[in-house]
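A.B. asks: Got upload-v5.txt for you, compact mmCIF, C-alpha atoms and all ligand atoms:
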```
# COMPACT_ATOMS: atom_id res chain seq x y z
CA MET A 1 29.77 60.25 116.36
CA LEU A 2 28.89 63.88 115.68
CA VAL A 3 29.30 66.73 118.14
CA VAL A 4 26.80 69.42 117.19
CA MET A 5 27.84 72.87 118.41
CA ARG A 6 25.43 75.62 119.48
CA HIS A 7 24.71 78.54 117.15
CA GLY A 8 26.89 80.90 119.19
CA ALA A 9 29.77 78.51 119.92
CA THR A 10 33.18 80.22 119.80
CA GLN A 11 36.33 79.10 117.99
CA ASP A 12 37.74 78.18 121.42
CA ASP A 13 34.72 75.92 122.10
CA ILE A 14 35.27 74.20 118.77
CA HIS A 15 38.99 73.87 119.31
CA ARG A 16 38.43 72.31 122.76
CA VAL A 17 36.23 69.58 121.26
CA VAL A 18 38.74 68.92 118.47
CA THR A 19 41.58 68.59 120.98
CA ILE A 20 39.68 66.12 123.14
CA ILE A 21 38.78 63.99 120.11
CA GLU A 22 42.44 63.92 119.07
CA ASP A 23 43.59 63.15 122.62
CA MET A 24 41.26 60.15 122.57
CA GLY A 25 43.19 58.89 119.51
CA TYR A 26 40.55 59.72 116.86
CA GLN A 27 40.40 62.28 114.06
CA ALA A 28 38.16 65.34 114.18
CA ARG A 29 36.42 66.70 111.07
CA PRO A 30 34.91 70.13 111.80
CA MET A 31 32.14 70.99 109.32
CA PRO A 32 31.09 74.63 109.49
CA GLY A 33 27.43 75.06 108.48
CA LYS A 34 25.13 78.04 107.91
CA GLU A 35 23.53 77.68 111.33
CA ARG A 36 26.16 75.88 113.38
CA THR A 37 29.36 73.88 113.23
CA THR A 38 29.27 70.12 113.54
CA ILE A 39 32.39 68.15 114.42
CA GLY A 40 32.59 64.60 113.15
CA LEU A 41 34.67 61.98 114.93
CA VAL A 42 36.27 59.37 112.70
CA GLY A 43 38.61 56.46 113.24
CA ASN A 44 36.37 54.57 115.66
CA ASP A 45 35.14 51.04 115.09
CA GLY A 46 32.26 51.00 117.54
CA ARG A 47 30.44 53.34 119.87
CA VAL A 48 32.45 56.17 121.45
CA ASP A 49 31.57 57.48 124.90
CA GLY A 50 29.99 60.87 124.19
CA THR A 51 29.45 61.90 127.79
CA ARG A 52 32.83 63.68 127.84
CA PHE A 53 31.48 66.16 125.33
CA SER A 54 27.88 66.81 126.39
CA ALA A 55 28.72 69.21 129.23
CA LEU A 56 31.41 71.20 127.40
CA PRO A 57 30.71 74.89 126.65
CA GLY A 58 29.18 75.43 123.22
CA VAL A 59 28.05 71.82 122.74
CA LEU A 60 24.39 71.39 121.76
CA GLU A 61 24.07 67.62 121.31
CA ILE A 62 25.85 64.36 120.52
CA ILE A 63 24.59 62.21 117.65
CA HIS A 64 25.73 58.62 117.33
CA ILE A 65 25.94 57.31 113.74
CA THR A 66 24.20 53.98 113.73
CA LYS A 67 25.53 52.74 110.36
CA PRO A 68 28.95 51.13 109.74
CA TYR A 69 29.59 53.77 107.09
CA LYS A 70 29.88 57.21 108.66
CA GLN A 71 30.81 60.15 106.45
CA VAL A 72 28.70 58.99 103.51
CA SER A 73 25.57 58.59 105.65
CA ARG A 74 22.59 60.95 105.82
CA GLU A 75 22.99 60.88 109.58
CA TRP A 76 26.41 62.51 109.15
CA LYS A 77 25.19 65.11 106.64
CA ARG A 78 21.51 65.81 106.11
CA ALA A 79 21.75 67.99 102.99
CA SER A 80 22.37 66.27 99.66
CA THR A 81 25.91 66.70 98.36
CA VAL A 82 26.15 68.75 95.18
CA ILE A 83 29.44 68.19 93.35
CA ASP A 84 30.92 70.78 91.03
CA LEU A 85 32.22 68.85 88.02
CA GLY A 86 33.59 71.90 86.22
CA GLU A 87 32.36 74.03 83.29
CA GLY A 88 29.30 75.02 85.35
CA ILE A 89 28.02 71.44 85.63
CA ARG A 90 26.89 70.18 89.01
CA ILE A 91 25.59 66.79 90.05
CA GLY A 92 23.36 66.06 93.04
CA GLY A 93 21.18 69.15 92.67
CA LYS A 94 18.20 69.89 90.45
CA GLU A 95 19.85 68.92 87.19
CA VAL A 96 20.21 65.41 85.84
CA VAL A 97 23.70 64.90 84.37
CA VAL A 98 23.92 62.56 81.40
CA MET A 99 27.28 60.88 80.73
CA ALA A 100 27.31 59.07 77.41
CA GLY A 101 29.70 57.56 74.90
CA PRO A 102 31.24 54.28 73.83
CA CYS A 103 32.38 51.56 76.20
CA SER A 104 35.98 52.03 75.00
CA VAL A 105 38.05 54.59 73.15
CA GLU A 106 38.92 52.72 69.93
CA ASN A 107 40.43 55.33 67.61
CA GLU A 108 40.31 59.07 66.97
CA GLN A 109 37.54 58.99 64.42
CA GLN A 110 35.30 56.75 66.56
CA ILE A 111 35.65 58.81 69.74
CA LEU A 112 35.23 62.15 67.97
CA SER A 113 32.15 60.96 66.16
CA ALA A 114 30.66 59.56 69.39
CA ALA A 115 31.43 62.80 71.23
CA HIS A 116 29.76 65.02 68.64
CA ALA A 117 26.72 62.74 68.57
CA VAL A 118 26.19 62.69 72.34
CA ARG A 119 26.90 66.41 72.63
CA SER A 120 24.34 67.37 70.02
CA ALA A 121 21.76 65.13 71.73
CA GLY A 122 22.38 67.06 74.97
CA ALA A 123 24.84 65.00 77.05
CA ALA A 124 27.15 66.97 79.35
CA VAL A 125 29.87 64.37 79.90
CA LEU A 126 31.62 61.96 77.52
CA ARG A 127 32.21 58.46 78.86
CA ALA A 128 34.77 56.04 77.33
CA GLY A 129 37.33 53.67 78.78
CA ALA A 130 41.02 53.90 77.88
CA PHE A 131 41.91 51.20 80.44
CA LYS A 132 39.42 48.34 80.30
CA PRO A 133 39.12 45.75 83.06
CA ARG A 134 37.77 42.86 80.94
CA SER A 135 36.51 39.55 82.29
CA SER A 136 38.70 37.72 79.74
CA PRO A 137 42.42 38.43 79.29
CA TYR A 138 41.92 37.83 75.55
CA SER A 139 39.32 40.60 75.13
CA PHE A 140 40.26 44.12 74.01
CA GLN A 141 41.99 45.75 77.00
CA GLY A 142 41.70 49.36 75.84
CA LEU A 143 44.19 51.69 74.16
CA GLY A 144 45.77 52.72 77.45
CA GLU A 145 47.63 56.03 77.55
CA PRO A 146 47.08 56.88 73.87
CA GLY A 147 43.35 56.55 74.64
CA LEU A 148 43.67 59.15 77.40
CA LYS A 149 45.41 61.51 74.95
CA LEU A 150 42.51 61.13 72.55
CA LEU A 151 40.06 61.93 75.34
CA ALA A 152 42.00 65.09 76.20
CA LYS A 153 41.83 66.11 72.56
CA VAL A 154 38.09 65.48 72.34
CA ARG A 155 37.55 67.43 75.55
CA ALA A 156 39.32 70.44 74.06
CA GLU A 157 37.41 70.17 70.80
CA THR A 158 33.88 69.62 72.14
CA GLY A 159 33.83 71.14 75.62
CA LEU A 160 32.40 67.89 77.00
CA LEU A 161 33.60 66.85 80.43
CA ILE A 162 35.29 63.44 80.53
CA ILE A 163 34.68 60.39 82.71
CA THR A 164 37.03 57.45 82.26
CA GLU A 165 38.06 54.46 84.32
CA ALA A 166 41.18 53.86 86.43
CA ILE A 167 42.01 50.20 87.09
CA ASP A 168 44.89 50.46 89.57
CA PRO A 169 46.69 53.15 91.58
CA ALA A 170 49.16 53.90 88.77
CA THR A 171 46.46 54.43 86.13
CA LEU A 172 44.46 56.47 88.62
CA ASP A 173 47.15 59.15 88.64
CA GLN A 174 47.22 59.18 84.83
CA VAL A 175 43.43 59.31 84.57
CA ALA A 176 43.15 62.09 87.17
CA GLU A 177 45.33 64.32 84.99
CA VAL A 178 42.95 64.13 82.05
CA ALA A 179 39.50 63.23 83.35
CA ASP A 180 36.96 65.45 85.08
CA ILE A 181 35.56 62.39 86.86
CA VAL A 182 37.52 59.24 87.71
CA GLN A 183 35.51 56.03 87.31
CA ILE A 184 36.05 53.03 89.60
CA GLY A 185 34.54 50.01 87.87
CA ALA A 186 32.35 47.28 89.33
CA ARG A 187 35.24 44.80 89.32
CA ASN A 188 37.33 47.17 91.41
CA MET A 189 34.74 48.29 93.94
CA GLN A 190 36.59 46.48 96.68
CA ASN A 191 40.11 47.26 95.48
CA TYR A 192 41.01 49.14 98.63
CA ALA A 193 44.44 50.37 97.45
CA LEU A 194 42.68 51.93 94.45
CA LEU A 195 39.93 53.44 96.60
CA ARG A 196 42.50 55.00 98.92
CA ARG A 197 44.38 56.49 95.99
CA ALA A 198 41.08 57.85 94.65
CA GLY A 199 40.54 59.43 98.05
CA GLN A 200 43.84 61.26 97.70
CA CYS A 201 43.18 62.66 94.23
CA ARG A 202 41.58 66.03 93.53
CA ARG A 203 38.95 64.78 91.10
CA PRO A 204 35.38 63.69 91.72
CA VAL A 205 35.17 59.89 91.73
CA LEU A 206 32.31 57.72 90.47
CA VAL A 207 32.10 54.36 92.25
CA LYS A 208 30.18 51.63 90.48
CA ARG A 209 28.35 49.01 92.50
CA GLY A 210 30.30 45.73 92.58
CA LEU A 211 29.15 42.67 90.65
CA SER A 212 27.46 41.16 93.70
CA ALA A 213 27.84 43.96 96.22
CA THR A 214 25.27 44.73 98.87
CA ILE A 215 24.27 48.36 99.32
CA GLN A 216 26.23 48.41 102.58
CA GLU A 217 29.43 47.10 100.98
CA TRP A 218 29.07 49.68 98.22
CA LEU A 219 28.61 52.56 100.68
CA LEU A 220 31.61 51.32 102.68
CA SER A 221 33.69 51.49 99.49
CA ALA A 222 32.62 55.11 99.06
CA GLU A 223 33.53 55.65 102.72
CA TYR A 224 37.16 54.69 101.93
CA ILE A 225 37.36 57.63 99.53
CA LEU A 226 35.83 60.13 101.96
CA ALA A 227 38.00 58.78 104.77
CA GLU A 228 41.08 59.73 102.72
CA GLY A 229 39.80 63.29 102.37
CA ASN A 230 37.97 63.38 99.02
CA PRO A 231 34.32 64.33 99.63
CA ASN A 232 33.35 64.30 95.94
CA VAL A 233 31.99 60.82 95.37
CA ILE A 234 29.20 59.80 93.00
CA LEU A 235 27.62 56.35 93.30
CA CYS A 236 26.58 54.38 90.21
CA GLU A 237 24.03 51.56 90.13
CA ARG A 238 24.94 49.21 87.26
CA GLY A 239 23.10 46.05 88.15
CA VAL A 240 24.13 43.06 90.20
CA ARG A 241 24.46 39.40 89.33
CA GLY A 242 21.14 37.54 89.49
CA PHE A 243 20.11 33.94 88.93
CA ASP A 244 18.52 34.63 85.56
CA THR A 245 20.67 34.95 82.44
CA ALA A 246 17.89 36.63 80.41
CA THR A 247 19.57 39.97 81.09
CA ARG A 248 23.28 40.61 81.72
CA ASN A 249 22.59 41.82 85.25
CA LEU A 250 19.67 42.61 87.52
CA PHE A 251 19.32 46.37 87.26
CA ASP A 252 18.38 47.46 90.78
CA LEU A 253 16.13 50.48 90.35
CA SER A 254 15.19 50.38 94.02
CA ALA A 255 18.82 51.21 94.87
CA ILE A 256 18.16 54.79 93.71
CA PRO A 257 15.60 55.86 96.35
CA LEU A 258 17.23 53.52 98.88
CA VAL A 259 20.64 55.16 98.54
CA HIS A 260 19.06 58.62 98.58
CA GLY A 261 17.64 57.74 101.97
CA LEU A 262 20.86 56.28 103.38
CA SER A 263 23.42 58.68 101.90
CA HIS A 264 23.79 62.33 100.93
CA LEU A 265 25.92 61.40 97.89
CA PRO A 266 24.56 61.69 94.32
CA ILE A 267 23.59 58.48 92.51
CA VAL A 268 23.77 57.79 88.80
CA ALA A 269 22.12 54.90 86.94
CA ASP A 270 23.83 52.79 84.25
CA PRO A 271 21.11 50.84 82.45
CA SER A 272 23.60 49.82 79.72
CA HIS A 273 25.59 47.45 81.95
CA GLY A 274 22.48 46.99 84.12
CA THR A 275 20.62 45.19 81.35
CA GLY A 276 23.25 44.41 78.69
CA ARG A 277 20.55 44.79 76.03
CA ARG A 278 20.14 47.74 73.70
CA ASP A 279 16.35 47.37 73.58
CA MET A 280 16.10 47.73 77.35
CA VAL A 281 18.41 50.68 77.88
CA THR A 282 15.94 53.46 77.07
CA PRO A 283 13.00 52.09 79.13
CA MET A 284 15.29 51.62 82.14
CA ALA A 285 16.86 55.06 81.65
CA ARG A 286 13.36 56.58 81.70
CA ALA A 287 12.56 54.63 84.86
CA ALA A 288 15.82 55.68 86.54
CA VAL A 289 15.12 59.38 85.97
CA ALA A 290 11.59 58.87 87.31
CA ALA A 291 13.06 57.11 90.37
CA GLY A 292 15.20 60.16 91.12
CA ALA A 293 18.61 59.33 89.63
CA ASP A 294 20.96 62.33 89.63
CA GLY A 295 22.47 61.22 86.36
CA LEU A 296 22.65 58.52 83.69
CA LEU A 297 25.63 56.64 82.28
CA ILE A 298 24.75 55.41 78.80
CA GLU A 299 26.81 53.54 76.22
CA VAL A 300 26.48 55.04 72.73
CA HIS A 301 28.60 54.03 69.73
CA PRO A 302 28.63 55.51 66.21
CA SER A 303 28.55 51.95 64.85
CA PRO A 304 27.58 49.52 67.65
CA ASP A 305 27.84 46.45 65.44
CA HIS A 306 31.57 47.13 65.05
CA ALA A 307 32.29 48.06 68.68
CA LEU A 308 35.34 46.43 70.28
CA SER A 309 33.47 46.08 73.58
CA ASP A 310 29.83 46.07 74.72
CA GLY A 311 28.33 46.62 71.24
CA ALA A 312 25.15 44.69 72.09
CA GLN A 313 24.19 47.19 74.77
CA SER A 314 25.38 50.32 72.96
CA LEU A 315 22.77 52.64 71.51
CA PHE A 316 22.88 54.04 68.00
CA PRO A 317 23.23 57.85 68.15
CA LYS A 318 19.64 58.32 66.95
CA GLN A 319 18.30 56.09 69.72
CA PHE A 320 20.29 58.11 72.23
CA ALA A 321 18.77 61.37 70.96
CA THR A 322 15.30 59.92 71.58
CA LEU A 323 16.34 58.74 75.04
CA MET A 324 17.48 62.30 75.85
CA ASP A 325 14.18 63.82 74.72
CA GLU A 326 12.22 61.36 76.84
CA ALA A 327 14.48 61.70 79.87
CA ARG A 328 14.17 65.50 79.62
CA ALA A 329 10.37 65.27 79.62
CA ILE A 330 10.35 62.94 82.62
CA ALA A 331 12.84 65.13 84.52
CA ALA A 332 10.60 68.17 83.90
CA THR A 333 7.56 66.43 85.40
CA ILE A 334 9.45 65.90 88.67
CA GLY A 335 10.80 69.45 88.75
CA ARG A 336 14.26 68.74 87.38
CA GLY A 337 16.19 69.88 84.33
CA MET A 338 19.06 68.38 82.36
CA ALA A 339 22.63 69.68 82.71
CA LYS A 340 23.88 71.12 79.43
CA CYS A 341 27.35 71.27 77.97
CA ALA A 342 28.14 74.96 77.62
CA GLY A 343 31.71 74.57 76.39
CA VAL A 344 33.24 74.85 72.92
CA PRO A 345 30.48 74.60 70.30
CA SER A 346 30.61 71.57 68.04
C1 LIG A 401 32.13 50.30 81.77
O1 LIG A 401 31.59 51.31 82.27
O2 LIG A 401 32.40 50.19 80.58
C2 LIG A 401 32.36 49.13 82.66
C3 LIG A 401 33.39 48.33 82.50
O3 LIG A 401 31.40 49.00 83.59
P1 LIG A 401 31.29 48.04 84.89
O4 LIG A 401 32.48 48.34 85.73
O5 LIG A 401 30.00 48.50 85.48
O6 LIG A 401 31.21 46.63 84.39
MN MN A 402 31.12 48.81 78.91
```
Can I see the file as structure tokens?
Ligand code: PEP
Ligand code: MN

C.D. replies:
Amino acid sequence: MLVVMRHGATQDDIHRVVTIIEDMGYQARPMPGKERTTIGLVGNDGRVDGTRFSALPGVLEIIHITKPYKQVSREWKRASTVIDLGEGIRIGGKEVVVMAGPCSVENEQQILSAAHAVRSAGAAVLRAGAFKPRSSPYSFQGLGEPGLKLLAKVRAETGLLIITEAIDPATLDQVAEVADIVQIGARNMQNYALLRRAGQCRRPVLVKRGLSATIQEWLLSAEYILAEGNPNVILCERGVRGFDTATRNLFDLSAIPLVHGLSHLPIVADPSHGTGRRDMVTPMARAAVAAGADGLLIEVHPSPDHALSDGAQSLFPKQFATLMDEARAIAATIGRGMAKCAGVPS
């Protein structure tokens, strides 16, 4: 439920509403706006009787949130959320933010080479996993902490922001020290202990859609993070499991406008995991930008045929440069630009 205050409501009026909400056993989240303050009520699992509030001084109206997710919904906040990622880069506004790099950090030379390639093609953020949640316990599991150290080094050398994955609460704390964005992978979308820890960290968090998650389950996972006090959540569509094995996943392009309607949070598209096929990544990236994605997550490897994970879906650096040119042109036709890395020159 939202209690919308009148334009001229006083601090006392606001405080009175907050106190009543707390007396009822819920939490109050006052949100000062340009025109008026809105006070959100959280902690309820069902409809709350709003009649206690309607007649109070300073109260304009009561809005009931009809969705099971509250703080992530457009009903809760009408304006799109723009998240400051650092180094002047923002996501959720006019600029499309491209995050690109290898699936995993493999060694210093590989990650540096990938970083320079994606930076010169125009990416703003370097992606690469140090902790890898692999379907098989026998597959490469990532370099772990030494991988994070390499990412910190590359960040300092290239000025690229870093997104990398946390796979449990302990690695989340390590990742949050180095990364500009913490990634929660598809396999962990419903790892609630991890989501809560992400909600307590100071970094923006990107939440990938689970392997077979509905849109509602995905938005409820994001809600966990907001409920813990971290408002900076980015959603990432990466395909869901379908009946056909012709592609790795069913890349759900319709999720982009759908989520924009349901939520104020930014949404990024990952056509690399969405299709699993190098030849389909660029067409789907073009389509995602056209559909209104606020960013792209693209796997790029200096030598995809030798990649330790996800080589078949990783672009060669030259292919990525073409993707960037095309994405830029499509963004321009819908009135958007591409976020640029303004940090240390390569
Ligand atoms: C990844 O980004 O490399 C990854 C493991 O993705 P997902 O969680 O979408 O499978
Ligand atoms: Mn991958």

A.B. asks: Please build the interface table for range 223-270 of chain A against range 20-34 of chain A with a cut-off of 12 Å, listing for each qualifying residue the nearest atom pair and the distance in Å to one decimal; count all atoms listed in the file, order rows by chain and increasing number, and write it as CSV.

C.D. replies:
```
residue,atom,partner,partner_atom,distance
A:Leu226,CA,A:Arg29,CA,11.2
A:Ala227,CA,A:Gln27,CA,10.2
A:Glu228,CA,A:Gln27,CA,11.6
A:Gly229,CA,A:Arg29,CA,9.9
A:Pro231,CA,A:Arg29,CA,11.9
```

A.B. asks: Mind listing as a list in words all residues within 6 Å of (29.2, 52.5, 93.7), counting all atoms listed in the file?

C.D. replies: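 Output of the proximity query reads Val207, Lys208, Arg209, Trp218, Leu235 and Cys236 of chain A.
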
A.B. asks: Residues at most 12 Å from range 316-320 of chain A, counting all atoms listed in the file, excluding those fewer than 4 positions away in the same chain, as an MDAnalysis selection string?

C.D. replies: chainID A and resid 98:102 113:123 272 278:283 285:286 296:307 311:312 324:327

A.B. asks: Take every atom of range 41-51 of chain A listed in the file, fit an axis-aligned box around them, add 4 Å per side, and give the centre and edge lengths in Å to one decimal as lines of an AutoDock Vina configuration file.

C.D. replies:
```
center_x = 34.0
center_y = 56.5
center_z = 120.2
size_x = 17.2
size_y = 19.0
size_z = 23.1
```

A.B. asks: With distances taken over all atoms listed in the file, which of A:Ala176, A:Ile163, A:Ala291, A:Leu41 is nearest to ligand LIG 401 (chain A)?

C.D. replies: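 Nearest candidate to ligand LIG 401 (chain A) out of A:Ala176, A:Ile163, A:Ala291, A:Leu41: A:Ile163.
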
A.B. asks: Taking only C-alpha atoms into account, name the residue in A:Thr158, A:Thr171, A:Asn44, A:Gln183 that is nearest to Arg127 in chain A.

C.D. replies: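 Closest to Arg127 in chain A, using only C-alpha atoms: A:Gln183.
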
A.B. asks: Here is a test: counting all atoms listed in the file, which residue of A:Gln141, A:Thr333, A:Ser54, A:Thr66 is nearest to ligand LIG 401 (chain A)?

C.D. replies: A:Gln141

A.B. asks: What does the structure give for the distance between CA of Ala156 in chain A and CA of Arg202 in chain A, in Å to one decimal?

C.D. replies: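 CA of Arg202 in chain A lies 20.1 Å from CA of Ala156 in chain A.
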
A.B. asks: Around ligand LIG 401 (chain A), which protein and nucleic acid residues have at least one atom no more than 7 Å from it, if we count all atoms listed in the file? List them as a PyMOL selection string.

C.D. replies: chain A and resi 103-104+129+132-133+185-187+208+238+273

A.B. asks: For range 150-160 of chain A, where the input has fewer atoms than it should, I would like all heavy atoms rebuilt and written as a PDB file, in the coordinates of the input.

C.D. replies:
```pdb
ATOM      1  N   LEU A 150      43.635  60.851  73.441  1.00  0.00           N
ATOM      2  CA  LEU A 150      42.510  61.130  72.550  1.00  0.00           C
ATOM      3  C   LEU A 150      41.366  61.791  73.314  1.00  0.00           C
ATOM      4  O   LEU A 150      40.720  62.718  72.821  1.00  0.00           O
ATOM      5  CB  LEU A 150      42.017  59.835  71.878  1.00  0.00           C
ATOM      6  CG  LEU A 150      42.942  59.243  70.804  1.00  0.00           C
ATOM      7  CD1 LEU A 150      42.371  57.928  70.279  1.00  0.00           C
ATOM      8  CD2 LEU A 150      43.143  60.236  69.646  1.00  0.00           C
ATOM      9  N   LEU A 151      41.138  61.333  74.534  1.00  0.00           N
ATOM     10  CA  LEU A 151      40.060  61.930  75.340  1.00  0.00           C
ATOM     11  C   LEU A 151      40.362  63.399  75.639  1.00  0.00           C
ATOM     12  O   LEU A 151      39.467  64.249  75.602  1.00  0.00           O
ATOM     13  CB  LEU A 151      39.856  61.140  76.639  1.00  0.00           C
ATOM     14  CG  LEU A 151      39.185  59.773  76.468  1.00  0.00           C
ATOM     15  CD1 LEU A 151      39.197  58.995  77.782  1.00  0.00           C
ATOM     16  CD2 LEU A 151      37.747  59.917  75.958  1.00  0.00           C
ATOM     17  N   ALA A 152      41.626  63.694  75.923  1.00  0.00           N
ATOM     18  CA  ALA A 152      42.000  65.090  76.200  1.00  0.00           C
ATOM     19  C   ALA A 152      41.743  65.941  74.958  1.00  0.00           C
ATOM     20  O   ALA A 152      41.253  67.079  75.045  1.00  0.00           O
ATOM     21  CB  ALA A 152      43.468  65.164  76.604  1.00  0.00           C
ATOM     22  N   LYS A 153      42.031  65.389  73.803  1.00  0.00           N
ATOM     23  CA  LYS A 153      41.830  66.110  72.560  1.00  0.00           C
ATOM     24  C   LYS A 153      40.341  66.374  72.303  1.00  0.00           C
ATOM     25  O   LYS A 153      39.931  67.480  71.944  1.00  0.00           O
ATOM     26  CB  LYS A 153      42.427  65.266  71.412  1.00  0.00           C
ATOM     27  CG  LYS A 153      42.488  65.967  70.107  1.00  0.00           C
ATOM     28  CD  LYS A 153      43.298  65.187  69.098  1.00  0.00           C
ATOM     29  CE  LYS A 153      43.209  65.927  67.759  1.00  0.00           C
ATOM     30  NZ  LYS A 153      43.805  65.196  66.678  1.00  0.00           N
ATOM     31  N   VAL A 154      39.540  65.357  72.542  1.00  0.00           N
ATOM     32  CA  VAL A 154      38.090  65.480  72.340  1.00  0.00           C
ATOM     33  C   VAL A 154      37.502  66.491  73.325  1.00  0.00           C
ATOM     34  O   VAL A 154      36.609  67.275  72.985  1.00  0.00           O
ATOM     35  CB  VAL A 154      37.401  64.109  72.501  1.00  0.00           C
ATOM     36  CG1 VAL A 154      35.894  64.242  72.437  1.00  0.00           C
ATOM     37  CG2 VAL A 154      37.894  63.143  71.439  1.00  0.00           C
ATOM     38  N   ARG A 155      38.020  66.475  74.543  1.00  0.00           N
ATOM     39  CA  ARG A 155      37.550  67.430  75.550  1.00  0.00           C
ATOM     40  C   ARG A 155      37.765  68.853  75.058  1.00  0.00           C
ATOM     41  O   ARG A 155      36.893  69.713  75.139  1.00  0.00           O
ATOM     42  CB  ARG A 155      38.307  67.198  76.858  1.00  0.00           C
ATOM     43  CG  ARG A 155      37.772  67.984  78.018  1.00  0.00           C
ATOM     44  CD  ARG A 155      38.668  67.855  79.236  1.00  0.00           C
ATOM     45  NE  ARG A 155      38.029  68.426  80.413  1.00  0.00           N
ATOM     46  CZ  ARG A 155      37.845  69.719  80.615  1.00  0.00           C
ATOM     47  NH1 ARG A 155      38.276  70.579  79.707  1.00  0.00           N
ATOM     48  NH2 ARG A 155      37.253  70.161  81.707  1.00  0.00           N
ATOM     49  N   ALA A 156      38.982  69.098  74.537  1.00  0.00           N
ATOM     50  CA  ALA A 156      39.320  70.440  74.060  1.00  0.00           C
ATOM     51  C   ALA A 156      38.466  70.824  72.856  1.00  0.00           C
ATOM     52  O   ALA A 156      38.087  71.979  72.690  1.00  0.00           O
ATOM     53  CB  ALA A 156      40.801  70.493  73.704  1.00  0.00           C
ATOM     54  N   GLU A 157      38.143  69.870  72.035  1.00  0.00           N
ATOM     55  CA  GLU A 157      37.410  70.170  70.800  1.00  0.00           C
ATOM     56  C   GLU A 157      35.900  70.335  71.018  1.00  0.00           C
ATOM     57  O   GLU A 157      35.236  71.085  70.298  1.00  0.00           O
ATOM     58  CB  GLU A 157      37.671  69.059  69.786  1.00  0.00           C
ATOM     59  CG  GLU A 157      37.199  69.430  68.400  1.00  0.00           C
ATOM     60  CD  GLU A 157      37.661  68.432  67.342  1.00  0.00           C
ATOM     61  OE1 GLU A 157      38.836  68.029  67.368  1.00  0.00           O
ATOM     62  OE2 GLU A 157      36.820  68.077  66.504  1.00  0.00           O
ATOM     63  N   THR A 158      35.346  69.605  71.985  1.00  0.00           N
ATOM     64  CA  THR A 158      33.880  69.620  72.140  1.00  0.00           C
ATOM     65  C   THR A 158      33.399  70.341  73.395  1.00  0.00           C
ATOM     66  O   THR A 158      32.219  70.676  73.489  1.00  0.00           O
ATOM     67  CB  THR A 158      33.334  68.179  72.220  1.00  0.00           C
ATOM     68  OG1 THR A 158      33.901  67.552  73.381  1.00  0.00           O
ATOM     69  CG2 THR A 158      33.670  67.373  70.971  1.00  0.00           C
ATOM     70  N   GLY A 159      34.263  70.530  74.368  1.00  0.00           N
ATOM     71  CA  GLY A 159      33.830  71.140  75.620  1.00  0.00           C
ATOM     72  C   GLY A 159      33.140  70.157  76.555  1.00  0.00           C
ATOM     73  O   GLY A 159      32.715  70.523  77.651  1.00  0.00           O
ATOM     74  N   LEU A 160      33.013  68.904  76.125  1.00  0.00           N
ATOM     75  CA  LEU A 160      32.400  67.890  77.000  1.00  0.00           C
ATOM     76  C   LEU A 160      33.348  67.573  78.151  1.00  0.00           C
ATOM     77  O   LEU A 160      34.564  67.519  77.962  1.00  0.00           O
ATOM     78  CB  LEU A 160      32.145  66.599  76.218  1.00  0.00           C
ATOM     79  CG  LEU A 160      30.975  66.590  75.232  1.00  0.00           C
ATOM     80  CD1 LEU A 160      31.105  65.397  74.287  1.00  0.00           C
ATOM     81  CD2 LEU A 160      29.637  66.540  75.959  1.00  0.00           C
TER      82      LEU A 160
END
```
